[in-house]
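Structure data follow from query_39.txt (compact mmCIF, C-alpha atoms):
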```txt
# COMPACT_ATOMS: atom_id res chain seq x y z
CA MET A 28 74.77 99.94 126.74
CA ASN A 29 71.65 101.83 127.72
CA ASN A 30 71.13 102.74 124.09
CA GLN A 31 71.48 99.06 123.09
CA ILE A 32 68.98 98.02 125.73
CA THR A 33 66.61 100.73 124.60
CA ARG A 34 66.95 99.76 120.97
CA ARG A 35 66.57 96.08 121.86
CA GLY A 36 63.55 96.81 123.98
CA MET A 37 62.02 98.99 121.30
CA LEU A 38 62.68 96.33 118.67
CA SER A 39 61.19 93.57 120.85
CA GLY A 40 58.22 95.75 121.64
CA SER A 41 57.69 96.55 117.97
CA ILE A 42 57.86 92.89 116.98
CA ALA A 43 55.49 91.89 119.75
CA GLY A 44 53.12 94.70 118.87
CA ALA A 45 53.20 93.77 115.20
CA ALA A 46 52.59 90.11 116.05
CA ILE A 47 49.61 91.03 118.23
CA ALA A 48 48.21 93.28 115.53
CA LEU A 49 48.76 90.64 112.86
CA ARG A 50 47.25 87.94 115.05
CA SER A 51 44.29 90.17 115.85
CA GLY A 52 43.75 90.96 112.19
CA HIS A 53 44.04 87.29 111.30
CA MET A 54 41.49 86.36 113.94
CA ASP A 55 39.14 89.05 112.62
CA GLN A 56 39.52 87.61 109.13
CA GLU A 57 38.88 84.10 110.41
CA ASP A 58 35.83 85.21 112.36
CA HIS A 59 34.53 87.06 109.32
CA HIS A 60 35.18 84.07 107.07
CA GLU A 61 33.46 81.69 109.49
CA SER A 62 30.49 84.03 109.80
CA ARG A 63 30.22 84.37 106.03
CA ASP A 64 30.61 80.62 105.58
CA ASP A 65 27.87 79.95 108.11
CA ILE A 66 25.52 82.16 106.14
CA GLU A 67 26.45 80.35 102.94
CA LEU A 68 25.81 76.97 104.56
CA ASP A 69 22.46 78.12 105.93
CA HIS A 70 21.30 78.78 102.37
CA PHE A 71 23.37 76.19 100.54
CA LYS A 72 21.82 74.09 97.79
CA ILE A 73 23.57 71.83 95.32
CA GLU A 74 24.66 73.82 92.28
CA ARG A 75 26.60 71.50 90.00
CA GLY A 76 25.06 68.13 90.76
CA ARG A 77 27.66 66.19 88.79
CA ILE A 78 28.08 63.91 91.81
CA ARG A 79 24.77 62.24 92.67
CA GLN A 80 24.86 62.58 96.43
CA SER A 81 23.00 60.53 99.00
CA VAL A 82 23.24 60.22 102.78
CA MET A 83 23.38 57.26 105.15
CA GLY A 84 20.58 57.74 107.65
CA TRP A 85 22.04 55.88 110.64
CA CYS A 86 24.80 58.50 110.99
CA PHE A 87 22.21 61.13 111.93
CA ASN A 88 20.35 59.16 114.59
CA PRO A 89 18.31 60.01 116.60
CA MET A 90 17.07 62.45 113.95
CA PRO A 91 13.83 61.03 112.50
CA ALA A 92 14.26 59.60 109.01
CA MET A 93 11.65 61.84 107.42
CA GLU A 94 13.17 64.96 108.97
CA LEU A 95 16.52 64.04 107.45
CA ALA A 96 14.81 63.32 104.12
CA GLU A 97 13.18 66.76 104.15
CA HIS A 98 16.60 68.36 104.65
CA CYS A 99 18.01 66.29 101.79
CA ARG A 100 15.29 67.57 99.48
CA GLU A 101 15.94 71.17 100.55
CA ILE A 102 19.67 70.77 99.90
CA GLY A 103 18.95 69.28 96.47
CA MET A 104 20.24 65.80 97.19
CA PRO A 105 18.60 63.20 94.96
CA ALA A 106 18.64 60.21 97.33
CA ILE A 107 18.90 58.75 100.82
CA GLU A 108 19.78 55.32 102.24
CA GLY A 109 20.22 53.56 105.57
CA VAL A 110 16.72 54.27 106.86
CA GLY A 111 13.92 51.83 107.62
CA PRO A 112 11.97 50.44 104.64
CA GLN A 113 8.76 51.64 106.29
CA HIS A 114 9.83 55.16 105.30
CA TYR A 115 10.47 54.37 101.63
CA PRO A 116 6.99 55.29 100.30
CA ALA A 117 7.03 58.69 102.03
CA ILE A 118 10.60 59.32 100.89
CA LYS A 119 9.63 58.53 97.32
CA ASP A 120 6.68 60.91 97.65
CA LEU A 121 9.20 63.66 98.49
CA GLY A 122 10.86 63.02 95.14
CA LEU A 123 13.92 61.27 96.58
CA GLU A 124 15.35 57.94 95.49
CA ILE A 125 16.59 55.06 97.64
CA SER A 126 20.23 54.71 96.66
CA LEU A 127 20.96 51.46 98.53
CA VAL A 128 18.89 48.71 100.16
CA GLY A 129 20.10 46.67 103.13
CA SER A 130 20.38 42.91 103.51
CA HIS A 131 22.10 40.64 106.05
CA GLY A 132 24.43 43.01 107.92
CA PHE A 133 28.20 42.96 108.33
CA ALA A 134 28.63 40.49 111.24
CA LYS A 135 26.86 37.34 110.07
CA GLY A 136 28.17 37.03 106.55
CA PRO A 137 28.85 34.24 104.04
CA VAL A 138 32.42 33.73 105.27
CA ASN A 139 30.75 31.25 107.65
CA PRO A 140 28.69 28.56 105.83
CA ALA A 141 26.38 28.37 108.84
CA HIS A 142 25.06 31.79 107.78
CA HIS A 143 24.50 30.96 104.11
CA ALA A 144 20.79 30.24 104.33
CA GLU A 145 20.07 33.46 106.21
CA CYS A 146 22.30 35.56 103.95
CA LYS A 147 20.71 34.12 100.82
CA GLN A 148 17.21 34.83 102.09
CA LYS A 149 18.11 38.39 103.13
CA LEU A 150 19.79 39.13 99.81
CA ILE A 151 16.82 37.86 97.80
CA GLU A 152 14.46 39.91 99.96
CA GLY A 153 16.72 42.92 99.45
CA ILE A 154 16.71 42.43 95.67
CA ASP A 155 12.91 42.24 95.63
CA LEU A 156 12.67 45.40 97.72
CA ALA A 157 15.17 47.20 95.49
CA VAL A 158 13.03 46.37 92.47
CA GLN A 159 9.92 47.58 94.28
CA VAL A 160 11.40 50.98 95.22
CA GLY A 161 13.61 51.47 92.16
CA SER A 162 16.92 51.23 93.97
CA PRO A 163 19.94 50.10 91.94
CA ASN A 164 21.86 48.38 94.75
CA VAL A 165 21.63 45.85 97.56
CA ILE A 166 24.50 45.77 100.02
CA THR A 167 26.39 42.67 101.11
CA PHE A 168 29.33 41.96 103.43
CA THR A 169 31.81 39.13 103.97
CA GLY A 170 31.08 38.86 107.68
CA MET A 171 33.53 38.33 110.51
CA THR A 172 36.48 35.97 110.16
CA HIS A 173 35.50 32.36 110.83
CA PRO A 174 38.14 30.72 113.03
CA ALA A 175 37.51 27.29 111.52
CA SER A 176 38.40 28.46 107.99
CA ASP A 177 41.66 29.72 106.57
CA ARG A 178 41.81 32.64 104.15
CA ASP A 179 41.28 30.58 101.00
CA ALA A 180 38.39 28.60 102.46
CA SER A 181 36.78 31.79 103.77
CA ALA A 182 37.04 33.44 100.36
CA LYS A 183 35.53 30.37 98.72
CA ASN A 184 32.64 30.37 101.20
CA CYS A 185 31.81 33.96 100.30
CA VAL A 186 31.98 33.38 96.56
CA ASN A 187 29.84 30.25 96.79
CA LEU A 188 27.04 32.14 98.55
CA TRP A 189 27.07 35.10 96.16
CA LYS A 190 26.98 32.75 93.17
CA GLN A 191 23.73 31.34 94.56
CA VAL A 192 22.01 34.74 94.35
CA ILE A 193 23.77 36.58 91.54
CA GLY A 194 21.61 34.99 88.85
CA TYR A 195 18.52 36.38 90.58
CA ALA A 196 20.16 39.81 90.78
CA GLU A 197 20.93 39.64 87.06
CA GLN A 198 17.35 38.67 86.29
CA LYS A 199 16.00 41.60 88.30
CA GLY A 200 18.60 44.12 87.10
CA ILE A 201 19.98 44.86 90.60
CA ASN A 202 23.60 45.20 91.71
CA ILE A 203 24.89 43.35 94.76
CA VAL A 204 27.55 45.65 96.19
CA LEU A 205 30.19 44.24 98.55
CA GLU A 206 31.38 46.71 101.17
CA HIS A 207 35.00 46.71 102.24
CA LEU A 208 35.36 47.68 105.94
CA ASN A 209 38.39 48.55 108.02
CA SER A 210 39.43 46.25 110.88
CA ARG A 211 41.96 48.65 112.45
CA ASP A 212 39.82 51.14 114.37
CA ALA A 213 38.49 49.64 117.59
CA SER A 214 37.53 52.97 119.18
CA HIS A 215 33.86 52.87 118.20
CA PRO A 216 31.55 50.10 116.95
CA MET A 217 30.91 51.95 113.68
CA LYS A 218 34.33 53.49 113.05
CA GLY A 219 35.97 50.12 112.50
CA HIS A 220 35.19 46.42 112.63
CA PRO A 221 38.01 44.30 114.09
CA GLY A 222 37.77 40.76 112.80
CA TYR A 223 35.99 41.64 109.54
CA PHE A 224 37.20 39.31 106.81
CA GLY A 225 36.85 41.69 103.84
CA ASP A 226 39.18 44.35 105.26
CA ASP A 227 41.46 44.43 102.20
CA VAL A 228 39.89 46.21 99.23
CA ASP A 229 42.15 44.30 96.84
CA LEU A 230 40.83 41.02 98.26
CA CYS A 231 37.25 42.24 97.91
CA VAL A 232 37.78 42.98 94.23
CA GLU A 233 39.31 39.54 93.80
CA LEU A 234 36.19 37.96 95.33
CA ILE A 235 34.00 40.00 92.99
CA LYS A 236 36.00 38.81 90.01
CA GLN A 237 35.53 35.21 91.11
CA VAL A 238 31.75 35.65 91.19
CA GLY A 239 32.09 36.69 87.56
CA SER A 240 29.01 38.83 87.00
CA PRO A 241 28.55 42.47 85.96
CA ARG A 242 25.93 42.67 88.73
CA MET A 243 28.48 41.88 91.47
CA LYS A 244 30.10 45.18 92.41
CA LEU A 245 32.29 46.87 95.02
CA LEU A 246 31.03 49.41 97.52
CA PHE A 247 34.10 51.64 97.64
CA ASP A 248 34.03 53.31 101.04
CA VAL A 249 36.65 56.06 100.80
CA TYR A 250 37.08 56.22 104.57
CA HIS A 251 37.61 52.47 105.04
CA VAL A 252 39.93 52.25 102.03
CA GLN A 253 42.03 55.10 103.40
CA VAL A 254 42.31 53.42 106.82
CA MET A 255 43.31 50.01 105.47
CA ASN A 256 44.95 50.58 102.10
CA GLY A 257 45.39 54.26 101.25
CA ASP A 258 46.23 55.39 97.71
CA VAL A 259 42.54 56.11 97.26
CA ILE A 260 42.51 57.81 93.87
CA ARG A 261 44.77 55.28 92.19
CA ARG A 262 42.66 52.44 93.60
CA LEU A 263 39.32 53.85 92.50
CA GLU A 264 40.78 54.41 89.05
CA LYS A 265 42.14 50.86 88.97
CA TYR A 266 38.84 49.33 90.10
CA GLN A 267 36.46 51.65 88.29
CA ASP A 268 34.87 48.81 86.31
CA TYR A 269 33.93 47.02 89.54
CA ILE A 270 32.61 49.95 91.62
CA GLY A 271 28.84 50.21 92.05
CA HIS A 272 28.55 52.63 94.98
CA TYR A 273 30.64 55.02 97.11
CA HIS A 274 30.61 56.08 100.77
CA THR A 275 32.46 59.03 102.32
CA ALA A 276 33.76 60.13 105.74
CA GLY A 277 36.73 62.04 107.10
CA ASN A 278 39.77 60.19 108.37
CA PRO A 279 40.82 59.75 111.10
CA GLY A 280 37.67 59.62 113.18
CA ARG A 281 34.93 59.12 110.56
CA GLY A 282 33.85 62.73 111.08
CA GLU A 283 33.10 65.63 108.79
CA LEU A 284 34.84 66.20 105.47
CA ASP A 285 36.51 69.30 106.88
CA GLU A 286 40.04 70.63 107.40
CA HIS A 287 40.60 68.46 110.48
CA GLN A 288 41.00 65.26 108.45
CA GLU A 289 43.48 64.05 105.86
CA LEU A 290 41.47 63.24 102.73
CA ASN A 291 41.22 65.75 99.88
CA TYR A 292 37.61 65.12 98.94
CA PRO A 293 37.32 67.55 96.00
CA ALA A 294 40.23 65.71 94.37
CA VAL A 295 38.61 62.35 95.13
CA MET A 296 35.28 63.50 93.65
CA ASN A 297 36.96 64.78 90.50
CA ALA A 298 38.78 61.47 90.16
CA ILE A 299 35.45 59.63 90.48
CA LEU A 300 33.97 61.81 87.75
CA SER A 301 36.97 61.18 85.52
CA THR A 302 36.20 57.45 85.56
CA GLY A 303 32.76 58.09 84.08
CA TYR A 304 30.98 56.87 87.21
CA GLN A 305 27.28 57.82 87.24
CA GLY A 306 26.05 56.12 90.42
CA TYR A 307 25.57 57.48 93.93
CA VAL A 308 28.07 58.83 96.43
CA ALA A 309 26.60 58.61 99.93
CA GLN A 310 27.75 60.74 102.86
CA GLU A 311 28.43 58.32 105.72
CA PHE A 312 30.30 60.43 108.24
CA ILE A 313 29.35 60.65 111.93
CA PRO A 314 28.62 64.33 112.64
CA THR A 315 30.52 66.00 115.45
CA TRP A 316 29.29 69.54 114.81
CA ASP A 317 26.51 70.82 117.04
CA ASN A 318 24.38 71.48 113.97
CA LYS A 319 24.27 68.16 112.15
CA ILE A 320 22.47 69.52 109.11
CA ARG A 321 25.06 72.24 108.70
CA ALA A 322 27.68 69.48 108.80
CA LEU A 323 25.76 67.63 106.08
CA LYS A 324 25.50 70.77 103.97
CA HIS A 325 29.23 71.32 104.36
CA ALA A 326 30.03 67.77 103.19
CA VAL A 327 27.65 68.03 100.26
CA LYS A 328 29.20 71.37 99.28
CA VAL A 329 32.72 69.91 99.44
CA CYS A 330 31.67 67.09 97.10
CA ASP A 331 29.67 69.26 94.70
CA VAL A 332 32.59 69.66 92.32
```
Taking this structure as input, can you express it in the form of structure tokens?
Amino acid sequence: MNNQITRRGMLSGSIAGAAIALRSGHMDQEDHHESRDDIELDHFKIERGRIRQSVMGWCFNPMPAMELAEHCREIGMPAIEGVGPQHYPAIKDLGLEISLVGSHGFAKGPVNPAHHAECKQKLIEGIDLAVQVGSPNVITFTGMTHPASDRDASAKNCVNLWKQVIGYAEQKGINIVLEHLNSRDASHPMKGHPGYFGDDVDLCVELIKQVGSPRMKLLFDVYHVQVMNGDVIRRLEKYQDYIGHYHTAGNPGRGELDEHQELNYPAVMNAILSTGYQGYVAQEFIPTWDNKIRALKHAVKVCDV
């Protein structure tokens, strides 16, 4: 009995000791890897450049727009978006492009006919600005669901407004890109948009088809599509002829493109490349890392396939 206890104790002690040693060695490896990775990120610059990467400026507030633009240039990113038009000349002087120009915003959209005049004016102004700065795209949204209209009437309202401006976009050679947004996440005003009409990417493509112009495109936001529809790669392949722009973010949480979220971004980027897409892919995640630029570098590295 004493021998059994001794053997059992020795065996337990050996297992525990081995586990501690293994765990310690694993932690050393992790620490070493993280340290090495930090050094790599500190000096990271885009190497392949097959994905033309941009960044959405609002995600990095309160960082000044020109400071972010300087970092983009150092990383080797070709473009930036989501910053004030007053910064466009200085950004262009840095050698960066403006990948997307704003318009009427996501709340007051053409789903409500009362907003048509404002949306039309903002879209035309956006098209003119895009021509001026050499940007290929102007963003548009459906707006929030209008309680006085059913789904069919709301869809018709949107299409009617876009048809009023699409001829001008064609004339100027600018894409109007419709962004699909998720309506599920109510935890943060920019992580989801409850009440947004265009929350189904399949519906958004149907609206684009009804406009019937090669200049009416889809802004395929990988994060929002994953939240609402999933099946990201199959959908981007299916809708490749309608996609004019991409946004990224990790899900859930709209954070970094790291191991704490569910999307396999290298696979998504390779799928985008396989469609022959040559436009921009903009990083639109909300940084949670203490060092926001390191978070940006990490995302850009993940997508530099």
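The spacing separating CA of Asp229 (chain A) from CA of Val128 (chain A) amounts to 23.9 Å.
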| query | Could you state the separation of CA of Tyr250 (chain A) and CA of Lys328 (chain A) in Å, given to one decimal place? | reply |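 Between CA of Tyr250 (chain A) and CA of Lys328 (chain A) the gap is 17.9 Å.
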| message | Around the point (22.5, 65.3, 98.2) (coordinates from the file), which residues reach within 10 Å if we count all atoms listed in the file? Answer as an MDAnalysis selection string. | response | chainID A and resid 72:73 76 78:82 96 98:107 123 307:310 323:324 326:328 330:331
| task | Name the closest residue to Gly161 (chain A) among the candidates A:Lys183, A:Lys199, A:Lys149, A:Arg262; distances are taken between atoms, counting all atoms listed in the file. | result |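 For Gly161 (chain A), the nearest of the candidates is A:Lys199.
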| request: Could you tell me which of A:His272, A:His251, A:Arg178, A:Lys218 comes closest to Ile203 (chain A) if we count all atoms listed in the file? | output: A:His272
| Restricting the calculation to only C-alpha atoms, which member of A:Lys236, A:His274, A:His173, A:Arg75 is positioned closest to Leu208 (chain A)? |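 With only C-alpha atoms as the atom set, the closest residue is A:His274.
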| task | Excluding Val252 (chain A) and residues on its chain fewer than 4 positions from it, collect all residues at most 8 Å away from it, counting only C-alpha atoms, and give them as a ChimeraX atom specification. | result | /A:207-209,227-228,247-248,256-257,259
Write the residues of the selection above to a file with C-alpha atoms, as a PDB file, in the frame of the given file.
```pdb
ATOM      1  CA  HIS A 207      35.000  46.710 102.240  1.00  0.00           C
ATOM      2  CA  LEU A 208      35.360  47.680 105.940  1.00  0.00           C
ATOM      3  CA  ASN A 209      38.390  48.550 108.020  1.00  0.00           C
ATOM      4  CA  ASP A 227      41.460  44.430 102.200  1.00  0.00           C
ATOM      5  CA  VAL A 228      39.890  46.210  99.230  1.00  0.00           C
ATOM      6  CA  PHE A 247      34.100  51.640  97.640  1.00  0.00           C
ATOM      7  CA  ASP A 248      34.030  53.310 101.040  1.00  0.00           C
ATOM      8  CA  ASN A 256      44.950  50.580 102.100  1.00  0.00           C
ATOM      9  CA  GLY A 257      45.390  54.260 101.250  1.00  0.00           C
ATOM     10  CA  VAL A 259      42.540  56.110  97.260  1.00  0.00           C
TER      11      VAL A 259
END
```
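Among the candidates A:Gly194, A:Gly222, A:Gly136, A:Pro279, the one nearest to Ile166 (chain A) when counting all atoms listed in the file is A:Gly136.
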